[in-house]
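Colleague: What follows is a structure written as structure tokens; I'll ask about it next.
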2 protein chains.
Amino acid sequence: MPERQSSRKDAIRNRKAVLAAADALFTRRESPEDVTMADVAAAAGVGKGTLFRAFGDRAGLLRALYESRLEPVGQAIETGPPPLGPATPPRERVPALLDAVLCFKLDNRRLALALEEDGSGSPYRAEHYERWHGLLRAVLEQIPGLTDSGFTAHALLAATRADLVEHLVREEHLARESMRQQLAHFVTKVLASGPPPQGPADEE
Amino acid sequence: MPERQSSRKDAIRNRKAVLAAADALFTRRESPEDVTMADVAAAAGVGKGTLFRAFGDRAGLLRALYESRLEPVGQAIETGPPPLGPATPPRERVPALLDAVLCFKLDNRRLALALEEDGSGSPYRAEHYERWHGLLRAVLEQIPGLTDSGFTAHALLAATRADLVEHLVREEHLARESMRQQLAHFVTKVLASGPPPQGPADEE
DNA sequence: GTCGAAACGGACCCTGGGTCCGGATTCTTT
DNA sequence: AAAGAATCCGGACCCAGGGTCCGTTTCGAC
């Protein structure tokens with residue numbers, strides 16, 4: 001709620017400084033949890049009070065950073081060309097979307113990690129997650145014969161969770177392209193068996 | 001590492017008391033992060049020192065609790081009858097395993113949540129996760145035509161993450177049986193398109 | 001230039017995980 | 001059974017880090 005932006009130039013300058021400093025720190029430091037709010041303030045040449053007034057709390061800062069990084073991707077999805085843009089047929093767009101999410105998480109590992117694991121509320125209540133999920137579900141719903149769009153969207157997104165990605169990169173040394181391919185393959189499988197009206201469906 | 005158990009009866013008694021108290025607190029309290037170590041100690045009628053000596057740290061306590069709850073399931077899987085036991089054919093066993101995981105998380109929401117979100121290391125380094133993943137991958141590998149067993153195992157398990165389950169229960173009011181069915185359906189889809197030798201496979 | 005409003009910043013508070021050590025218990029030995 | 005050694009108990013204590021407070025400074029409007 002302390003998000004309304006002031007018009008005073010010092011406020012604006014400081015906000016930018018903090019954002020930049022935080023960005024730098026999060027990409028530099030190994031683990032997101034050893035970049036402290038005091039660190040950010042110091043790196044930005046600003047007092048803690050300023051930092052908290054501008055962003056409310058730690059989560060607020062993380063969100064602001066995340067949103068700013070996310071913007072280009074958002075653009076590409078809302079008004080961009082295929083395979084991400086809205087003109088793409090659903091069966092192609094779903095893998096493209098998940099690939100975009102995966103790449104985004106790969107490019108912003110530390111940040112995504114910090115955002116998902118700062119305890120304040122599960123990641124599922126974050127508005128950016130709701131956006132991804134809503135969009136994905138909507139696209140899934142356009143695929144004939146596919147049910148449980150809501151759950152499926154959750155399950156697919158779960159495969160791109162930041163800590164999983166981090167684990168695959170750091171512990172299993174999985175290369176970027178391998179990961180993308182395997183995720184694509186996985187998504188394909190999930191979409192494949194949506195039985196066209198009279199296909200050899202499943203049952204239980 | 002301070003896990004070796006002593007033979008002194010007061011130590012044993014206290015260990016049990018702590019376990020019981022923690023168990024009670026975690027199922028009682030709404031969110032796992034407002035059950036503090038001091039709370040547990042108090043509820044068990046024990047000093048904090050005792051608690052930390054017995055379990056090392058918060059994660060240790062959580063793990064101990066988790067393992068104890070997990071034991072019966074582990075038994076059912078290692079030496080039980082189908083559909084969970086080792087005699088089950090892979091295509092049936094995989095859904096059964098994931099259903100078991102889901103049910104376990106449903107029955108131990110708070111605890112699983114606490115364990116997954118206590119920042120100390122990603123959930124993927126926990127030995128119990130490694131167990132699930134290793135087993136699942138092994139079973140997946142026995143399914144002919146299915147590739148990427150490692151990744152697939154991760155992706156399937158991701159669909160049962162504690163915070164996702166919690167979200168589905170609390171925010172989306174999804175009933176237990178619905179969730180089980182949807183997960184089963186999802187798993188089926190993933191397994192289905194492992195093309196029997198000459199099926200209409202995918203490519204890239 | 002003057003004045004009120006808004007922002008600044010760092011000292012301060014508080015929670016909660018984790019440690020320490022003097023005193024109480026328990027096991028062993030004779 | 002009694003002494004001695006080893007172990008455990010427990011709560012006072014420490015510390016990091018998120019978040020707040022308020023006297024001081026800066027801004028911009030008049």
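Letters for chains follow the order of the structure tokens (A, B, ...), residue numbers begin at 1 for each chain, and ligand numbers begin at 1 in the order shown.
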Residues of chain D near chain A: apply a cut-off of 12 Å, count only C-alpha atoms (C1' of nucleotides), and supply the list as a list of chain:residue names.
Modeller: D:DA16, D:DG17, D:DG18, D:DG19, D:DT20, D:DC21, D:DC22, D:DT25, D:DT26, D:DC27, D:DG28
Colleague: Just need the residues of chain C within 10 Å of chain B, counting only C-alpha atoms (C1' of nucleotides), so spit them out as a ChimeraX atom specification.
Modeller: /C:16-20,25-27
Colleague: For each of A:Asp148, A:Glu177, A:Glu92, A:Glu130, take the minimum atom-to-atom distance to chain B, counting only C-alpha atoms, then give the residue where this is smallest.
Modeller: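 Selected residue with least distance to chain B: A:Asp148.
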Colleague: Please build the interface table for chain B against chain A with a cut-off of 6 Å, listing for each qualifying residue the nearest atom pair and the distance in Å to one decimal; count only C-alpha atoms, order rows by chain and increasing number, and write it as a Markdown table.
Modeller:
| residue | atom | partner | partner_atom | distance |
| --- | --- | --- | --- | --- |
| B:Ala155 | CA | A:Ala159 | CA | 4.7 |
| B:Ala158 | CA | A:Ala158 | CA | 5.4 |
| B:Ala159 | CA | A:Ala155 | CA | 4.7 |
| B:Lys189 | CA | A:Val190 | CA | 5.4 |
| B:Val190 | CA | A:Val190 | CA | 5.3 |
| B:Ser193 | CA | A:Lys189 | CA | 5.8 |
Colleague: How about saving the chosen residues, N, CA and C atoms kept, as a short mmCIF file (atom, residue, chain, number, x, y, z; two decimals), in the first residue's frame?
Modeller:
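Saved to selection11.cif:
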data_model
loop_
_atom_site.label_atom_id
_atom_site.label_comp_id
_atom_site.auth_asym_id
_atom_site.auth_seq_id
_atom_site.Cartn_x
_atom_site.Cartn_y
_atom_site.Cartn_z
N ALA B 155 9.09 -33.31 -12.63
CA ALA B 155 7.91 -32.55 -13.05
C ALA B 155 6.64 -33.12 -12.41
N ALA B 158 6.56 -32.25 -8.82
CA ALA B 158 6.29 -30.82 -8.63
C ALA B 158 4.80 -30.55 -8.54
N ALA B 159 4.02 -31.40 -9.18
CA ALA B 159 2.57 -31.20 -9.13
C ALA B 159 1.99 -31.53 -7.77
N LYS B 189 -2.01 -38.89 -18.62
CA LYS B 189 -1.67 -38.23 -19.88
C LYS B 189 -0.17 -38.28 -20.14
N VAL B 190 0.59 -38.02 -19.08
CA VAL B 190 2.04 -38.02 -19.26
C VAL B 190 2.53 -39.41 -19.67
N SER B 193 1.33 -41.14 -23.73
CA SER B 193 1.91 -40.94 -25.05
C SER B 193 3.31 -41.50 -25.18
#
Colleague: So how far away is CA of Ala44 (chain B) from CA of Thr27 (chain B), in Å?
Modeller: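 Answer for the CA of Thr27 (chain B) to CA of Ala44 (chain B) separation: 15.0 Å.
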